[in-house]
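Printed here is query_39.cif (mmCIF, C-alpha atoms):
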```
data_coords
#
loop_
_atom_site.label_atom_id
_atom_site.label_comp_id
_atom_site.auth_asym_id
_atom_site.auth_seq_id
_atom_site.Cartn_x
_atom_site.Cartn_y
_atom_site.Cartn_z
CA MET A 889 12.56 24.52 -17.83
CA ARG A 890 9.32 25.71 -19.47
CA GLU A 891 9.61 22.86 -21.94
CA PHE A 892 10.08 20.39 -19.10
CA LEU A 893 7.00 21.68 -17.29
CA ALA A 894 4.92 21.53 -20.49
CA MET A 895 5.60 17.77 -20.77
CA GLY A 896 4.89 17.73 -24.50
CA GLY A 897 1.39 19.05 -23.96
CA TYR A 898 0.49 16.48 -21.30
CA ALA A 899 1.17 18.80 -18.33
CA ALA A 900 -2.52 19.06 -17.38
CA PHE A 901 -2.70 15.27 -16.93
CA LEU A 902 0.82 14.41 -15.84
CA TRP A 903 1.43 16.87 -13.00
CA PRO A 904 -1.91 16.23 -11.25
CA SER A 905 -1.24 12.48 -11.38
CA TYR A 906 2.19 12.98 -9.77
CA ALA A 907 0.67 15.35 -7.20
CA VAL A 908 -2.07 12.85 -6.27
CA THR A 909 0.31 9.90 -5.87
CA LEU A 910 2.98 11.76 -3.91
CA GLY A 911 0.23 13.49 -1.90
CA VAL A 912 -1.22 10.09 -0.97
CA ALA A 913 2.26 8.92 0.06
CA ILE A 914 2.81 11.97 2.29
CA LEU A 915 -0.69 11.64 3.80
CA ASN A 916 0.11 8.00 4.63
CA VAL A 917 3.13 9.11 6.65
CA VAL A 918 1.08 11.77 8.46
CA TRP A 919 -1.86 9.41 9.18
CA ALA A 920 0.38 6.58 10.37
CA ARG A 921 2.32 8.83 12.76
CA ARG A 922 -0.91 10.36 14.03
CA SER A 923 -2.55 6.98 14.67
CA LEU A 924 0.53 5.78 16.58
CA ALA A 925 0.66 9.01 18.61
CA ARG A 926 -3.02 8.59 19.43
CA ALA A 927 -2.52 4.99 20.57
CA VAL A 928 0.46 6.00 22.73
CA ALA A 929 -1.54 8.85 24.31
CA ALA A 930 -4.46 6.50 25.01
CA ALA A 931 -2.10 3.93 26.57
CA ARG A 932 -0.56 6.63 28.80
CA LEU A 933 -4.01 7.73 29.93
CA ARG A 934 -4.93 4.14 30.82
CA LEU A 935 -1.72 3.72 32.79
CA ALA A 936 -2.27 7.02 34.61
CA ALA A 937 -5.81 5.95 35.47
CA GLY A 938 -4.42 2.73 36.91
CA GLY A 939 -6.24 0.62 34.35
CA ALA A 940 -3.25 -1.54 33.54
CA ASP A 941 -2.40 -4.56 35.66
CA SER A 942 1.28 -3.77 35.94
CA MET B 351 13.16 -27.84 14.30
CA SER B 352 12.62 -25.28 16.99
CA TRP B 353 9.41 -23.26 16.91
CA THR B 354 10.68 -20.45 19.14
CA TRP B 355 11.01 -18.09 16.18
CA PHE B 356 7.33 -18.59 15.46
CA HIS B 357 6.35 -17.77 19.03
CA ARG B 358 8.60 -14.72 19.06
CA LEU B 359 6.92 -13.65 15.83
CA GLY B 360 3.60 -13.72 17.67
CA SER B 361 4.88 -11.93 20.77
CA PRO B 362 3.55 -8.33 20.81
CA PRO B 363 6.40 -6.73 22.83
CA HIS B 364 8.97 -8.35 20.56
CA ILE B 365 7.16 -7.20 17.40
CA TYR B 366 6.62 -3.70 18.80
CA ARG B 367 10.32 -3.17 19.46
CA LEU B 368 11.35 -4.83 16.21
CA ALA B 369 8.93 -2.59 14.26
CA GLU B 370 10.39 0.49 15.94
CA GLN B 371 13.97 -0.50 15.11
CA LEU B 372 13.28 -1.54 11.52
CA THR B 373 11.23 1.49 10.40
CA PRO B 374 14.15 3.79 9.40
CA TRP B 375 15.80 0.92 7.51
CA PHE B 376 12.80 0.85 5.18
CA ALA B 377 11.83 4.53 5.21
CA TRP B 378 15.14 6.07 4.11
CA PRO B 379 15.92 3.65 1.26
CA ALA B 380 12.30 4.10 0.12
CA ALA B 381 12.70 7.89 -0.01
CA ALA B 382 16.04 7.63 -1.84
CA LEU B 383 14.66 5.16 -4.41
CA ILE B 384 11.51 7.19 -5.08
CA LEU B 385 13.49 10.43 -5.52
CA ALA B 386 15.99 8.78 -7.87
CA ALA B 387 13.13 7.17 -9.81
CA LEU B 388 11.37 10.54 -10.13
CA TYR B 389 14.50 11.98 -11.73
CA GLY B 390 14.91 8.91 -13.95
CA GLY B 391 11.28 8.89 -15.02
CA LEU B 392 10.75 12.60 -15.58
CA VAL B 393 14.17 13.61 -16.91
CA LEU B 394 16.32 10.71 -18.06
CA ALA B 395 13.78 8.40 -19.71
CA PRO B 396 13.13 9.27 -23.38
CA PRO B 397 9.58 10.14 -24.53
CA ASP B 398 7.50 7.21 -25.80
CA TYR B 399 7.20 6.95 -29.58
CA GLN B 400 3.41 6.73 -29.39
CA GLN B 401 2.44 8.56 -26.20
CA GLY B 402 5.22 11.18 -26.06
CA ASP B 403 5.75 12.55 -22.56
CA GLY B 404 2.29 11.38 -21.52
CA PHE B 405 3.62 7.86 -20.91
CA ARG B 406 5.52 9.20 -17.88
CA ILE B 407 2.27 8.89 -15.90
CA ILE B 408 3.26 5.20 -15.69
CA TYR B 409 5.86 6.09 -13.03
CA VAL B 410 3.13 7.00 -10.57
CA HIS B 411 0.17 5.00 -11.91
CA ALA B 412 1.89 1.59 -11.95
CA PRO B 413 3.34 1.93 -8.41
CA ALA B 414 -0.06 3.07 -7.07
CA ALA B 415 -1.79 0.12 -8.77
CA TRP B 416 0.94 -2.26 -7.55
CA MET B 417 0.45 -0.97 -4.00
CA SER B 418 -3.32 -1.44 -4.22
CA LEU B 419 -2.85 -5.15 -5.06
CA MET B 420 0.25 -5.94 -2.99
CA VAL B 421 -1.18 -4.33 0.15
CA TYR B 422 -4.45 -6.22 -0.28
CA THR B 423 -2.58 -9.50 -0.68
CA THR B 424 -0.56 -8.76 2.48
CA MET B 425 -3.77 -7.92 4.31
CA ALA B 426 -5.51 -11.12 3.21
CA VAL B 427 -2.51 -13.32 4.07
CA ALA B 428 -2.20 -11.67 7.51
CA ALA B 429 -5.94 -12.12 8.06
CA ALA B 430 -5.72 -15.81 7.10
CA VAL B 431 -2.74 -16.36 9.41
CA ALA B 432 -4.63 -14.61 12.20
CA LEU B 433 -7.72 -16.77 11.70
CA ILE B 434 -5.84 -20.06 11.40
CA TRP B 435 -3.28 -19.63 14.20
CA ARG B 436 -5.30 -17.16 16.30
CA MET B 437 -2.37 -14.76 16.20
CA LYS B 438 -3.31 -11.36 17.57
CA VAL B 439 -0.35 -9.62 15.94
CA ALA B 440 -1.47 -10.85 12.50
CA HIS B 441 -4.88 -9.20 13.06
CA ALA B 442 -2.98 -6.00 13.88
CA VAL B 443 -1.04 -6.31 10.60
CA ALA B 444 -4.23 -6.78 8.59
CA ALA B 445 -5.90 -3.81 10.26
CA SER B 446 -2.82 -1.64 9.57
CA CYS B 447 -2.86 -2.50 5.86
CA ALA B 448 -6.38 -1.34 5.02
CA PRO B 449 -6.03 2.48 5.09
CA ILE B 450 -2.71 2.29 3.22
CA GLY B 451 -4.18 0.08 0.50
CA ALA B 452 -7.38 2.09 0.20
CA SER B 453 -5.51 5.37 -0.28
CA PHE B 454 -3.26 3.94 -2.99
CA THR B 455 -6.26 2.38 -4.74
CA VAL B 456 -7.73 5.89 -4.94
CA ALA B 457 -4.38 7.11 -6.36
CA ALA B 458 -4.40 4.28 -8.94
CA LEU B 459 -7.95 5.12 -10.03
CA VAL B 460 -7.32 8.89 -10.21
CA THR B 461 -3.99 8.60 -12.07
CA GLY B 462 -5.56 6.02 -14.38
CA SER B 463 -8.34 8.46 -15.14
CA LEU B 464 -5.80 11.23 -15.80
CA TRP B 465 -3.98 8.90 -18.17
CA GLY B 466 -7.16 7.60 -19.82
CA GLU B 467 -8.50 10.99 -20.86
CA PRO B 468 -5.63 11.99 -23.19
CA MET B 469 -4.91 8.43 -24.46
CA TRP B 470 -8.37 6.81 -24.73
CA GLY B 471 -10.45 9.99 -24.83
CA THR B 472 -12.38 9.09 -21.69
CA TRP B 473 -11.95 9.62 -17.93
CA TRP B 474 -13.84 6.45 -17.08
CA GLU B 475 -15.14 3.35 -18.82
CA TRP B 476 -16.93 0.36 -17.26
CA ASP B 477 -14.07 -1.78 -18.46
CA PRO B 478 -13.05 -5.05 -16.68
CA ARG B 479 -9.75 -3.65 -15.34
CA LEU B 480 -11.23 -0.36 -14.17
CA THR B 481 -14.34 -1.94 -12.69
CA SER B 482 -12.43 -4.65 -10.80
CA GLU B 483 -10.04 -2.00 -9.40
CA LEU B 484 -13.06 0.01 -8.23
CA ILE B 485 -14.39 -3.15 -6.52
CA LEU B 486 -11.02 -3.39 -4.76
CA LEU B 487 -11.59 0.09 -3.33
CA PHE B 488 -15.03 -1.00 -2.09
CA LEU B 489 -13.46 -4.09 -0.47
CA TYR B 490 -11.00 -1.89 1.43
CA LEU B 491 -13.77 0.54 2.43
CA GLY B 492 -16.06 -2.35 3.41
CA TYR B 493 -13.29 -3.86 5.53
CA MET B 494 -12.68 -0.58 7.34
CA GLY B 495 -16.39 0.12 7.71
CA LEU B 496 -16.96 -3.34 9.17
CA ARG B 497 -14.15 -2.87 11.70
CA GLY B 498 -15.57 0.50 12.69
CA ALA B 499 -19.10 -0.86 13.05
CA ILE B 500 -18.26 -3.72 15.46
CA GLU B 501 -17.52 -2.53 18.96
CA ASP B 502 -15.95 -5.66 20.40
CA PRO B 503 -12.34 -5.52 19.08
CA GLN B 504 -11.88 -9.30 18.93
CA ARG B 505 -15.10 -9.81 17.00
CA ALA B 506 -14.17 -6.88 14.73
CA ASP B 507 -10.81 -8.56 14.05
CA ARG B 508 -12.34 -11.94 13.21
CA THR B 509 -15.27 -10.72 11.12
CA SER B 510 -13.21 -8.28 9.08
CA ALA B 511 -10.53 -10.96 8.57
CA VAL B 512 -13.10 -13.22 6.91
CA LEU B 513 -14.04 -10.40 4.53
CA ALA B 514 -10.36 -9.76 3.73
CA VAL B 515 -9.74 -13.44 2.95
CA VAL B 516 -12.85 -13.81 0.78
CA GLY B 517 -12.02 -10.61 -1.11
CA ILE B 518 -8.68 -11.99 -2.29
CA VAL B 519 -10.48 -13.58 -5.29
CA ASN B 520 -10.63 -10.08 -6.75
CA VAL B 521 -6.81 -9.75 -6.89
CA PRO B 522 -6.16 -12.28 -9.71
CA ILE B 523 -9.28 -10.97 -11.47
CA ILE B 524 -7.75 -7.47 -11.55
CA HIS B 525 -4.36 -8.76 -12.67
CA TYR B 526 -5.66 -10.99 -15.46
CA SER B 527 -8.63 -8.78 -16.46
CA VAL B 528 -6.63 -7.33 -19.36
CA THR B 529 -5.82 -10.79 -20.75
CA TRP B 530 -9.14 -12.55 -20.04
CA TRP B 531 -11.41 -9.88 -21.52
CA ASN B 532 -11.16 -7.22 -24.16
CA SER B 533 -9.99 -4.21 -22.25
CA LEU B 534 -9.10 -0.64 -23.09
CA HIS B 535 -6.28 -1.03 -20.62
CA GLN B 536 -2.94 -2.10 -22.00
CA ALA B 537 -1.49 -5.52 -21.13
CA PRO B 538 1.14 -5.72 -18.36
CA SER B 539 4.49 -4.33 -19.48
CA VAL B 540 6.63 -5.51 -16.53
CA MET B 541 4.73 -8.20 -14.60
CA ARG B 542 4.54 -10.65 -17.50
CA LEU B 543 6.20 -13.82 -18.62
CA GLY B 544 9.32 -13.28 -20.68
CA LYS B 545 10.98 -9.94 -21.22
CA PRO B 546 9.43 -6.66 -20.04
CA GLN B 547 8.16 -4.53 -22.91
CA LEU B 548 9.86 -1.31 -21.87
CA SER B 549 13.36 -0.39 -23.00
CA MET B 550 16.04 -0.13 -20.30
CA PRO B 551 16.07 3.70 -19.87
CA MET B 552 12.28 3.57 -19.42
CA LEU B 553 12.30 0.40 -17.33
CA TRP B 554 14.79 1.10 -14.56
CA PRO B 555 13.00 4.15 -13.10
CA LEU B 556 9.81 2.07 -13.01
CA LEU B 557 11.48 -0.83 -11.21
CA MET B 558 13.02 1.62 -8.73
CA MET B 559 9.60 3.17 -8.15
CA LEU B 560 8.02 -0.24 -7.53
CA LEU B 561 10.76 -1.22 -5.08
CA GLY B 562 10.71 2.22 -3.44
CA PHE B 563 6.95 2.12 -2.87
CA THR B 564 7.17 -1.44 -1.55
CA LEU B 565 9.75 -0.37 1.06
CA PHE B 566 7.60 2.70 1.77
CA PHE B 567 4.63 0.40 2.44
CA VAL B 568 6.66 -1.65 4.94
CA ALA B 569 7.80 1.51 6.76
CA VAL B 570 4.25 2.92 7.04
CA LEU B 571 2.92 -0.52 8.00
CA LEU B 572 5.48 -0.82 10.84
CA VAL B 573 4.45 2.56 12.29
CA ARG B 574 0.74 1.71 12.10
CA LEU B 575 1.36 -1.76 13.48
CA ARG B 576 2.81 -0.35 16.71
CA GLY B 577 -0.39 1.66 17.24
CA GLU B 578 -2.58 -1.38 16.54
CA ILE B 579 -0.54 -3.50 18.97
CA LEU B 580 -0.92 -0.89 21.74
CA VAL B 581 -4.68 -0.82 21.21
CA ARG B 582 -4.89 -4.62 21.48
CA GLU B 583 -2.52 -5.04 24.43
CA ARG B 584 -4.55 -3.03 26.89
CA SER B 585 -3.33 -4.51 30.14
CA ALA B 586 0.20 -5.67 29.49
CA SER B 587 2.93 -4.41 31.76
CA TRP B 588 5.42 -4.05 28.90
CA ILE B 589 3.34 -1.16 27.56
CA ARG B 590 4.51 0.95 30.49
CA GLU B 591 8.07 0.53 29.30
CA VAL B 592 7.44 1.56 25.70
CA VAL B 593 5.13 4.53 26.30
CA GLU B 594 6.89 6.03 29.30
CA THR B 595 10.34 6.60 27.90
#
```
Just give me the structure of the file as structure tokens.
Amino acid sequence: MREFLAMGGYAAFLWPSYAVTLGVAILNVVWARRSLARAVAAARLRLAAGGADS
Amino acid sequence: MSWTWFHRLGSPPHIYRLAEQLTPWFAWPAAALILAALYGGLVLAPPDYQQGDGFRIIYVHAPAAWMSLMVYTTMAVAAAVALIWRMKVAHAVAASCAPIGASFTVAALVTGSLWGEPMWGTWWEWDPRLTSELILLFLYLGYMGLRGAIEDPQRADRTSAVLAVVGIVNVPIIHYSVTWWNSLHQAPSVMRLGKPQLSMPMLWPLLMMLLGFTLFFVAVLLVRLRGEILVRERSASWIREVVET
């Protein structure tokens, strides 16, 4: 296990690069869901205010 | 030939519902592929004869760089379709692409830097590949900044679409930068004519990563797209149905 984590001496470069890429992927999921939730909330507010022509 | 499919493709309620239904079909295979590729790349693939275990950075750097280019191409094509056929949904696709592409461009630059230091002895060099990738980040940021700066949504859509289309010239420059100029960066090892340069145990985790991230992009795009459609379809009665369930 220790040998695996050491990555032949490249641990200091390899693990941060994996963390950054997977972190960006996770952030994309969070941001996308948040922006959709925000748009849905805004649409509900408009409907409640009678702004929509339905 | 019937053009109804084309009109359905441009119909916001249809796209909204389709996006909702399709998302899990991209998200779960993406997660499975990326997890399997992580195991393949970190555990099963043998160390490189020159770079040792350091070469394993390729399994995150190449997908991030692939995303930066593929997402930009998608954005530019969507923007062109939107400008030519005045398709509102295509503007929504282009707008959804930008933050995804920008974030993966940052990941490509950071992982490239983390790979460059041990292999080339430098975090950064004003090299054609690195510089053109940095310009790609500025194109994404410029696109998002432009959208944010224009208040009228339709004008923001059109103006930013022009920038996206013009910026596409940078994509082939990035891809061919390593062949056209002397570059520190290595030549493509997968996206090249003829056989890929990696051996099979090293190659398959990379291909799985590339496919996994591509599916991941579609899933995230579909979620963002629904939000962008809602913002654009302010007064449509179908919105009541989708937000009040």
Could you tell me which of B:Pro555, B:Pro478, B:Gly451, B:Gly390 comes closest to chain A if we count only C-alpha atoms?
-> B:Gly451
Pull out every residue of chain A sitting within 8 Å of chain B, counting all atoms listed in the file, and send them as number ranges by chain.
-> A: 895-898, 901-902, 904-906, 908-909, 912, 916-917, 920-921, 923-928, 931-932, 935, 939-942
Just the residues within 12 Å of Ile524 (chain B), please, counting only C-alpha atoms, with nothing from its chain fewer than 4 positions along; format it as a ChimeraX atom specification.
-> /B:415-416,418-420,422,477-487,517-520,528-531,533,535,537-538
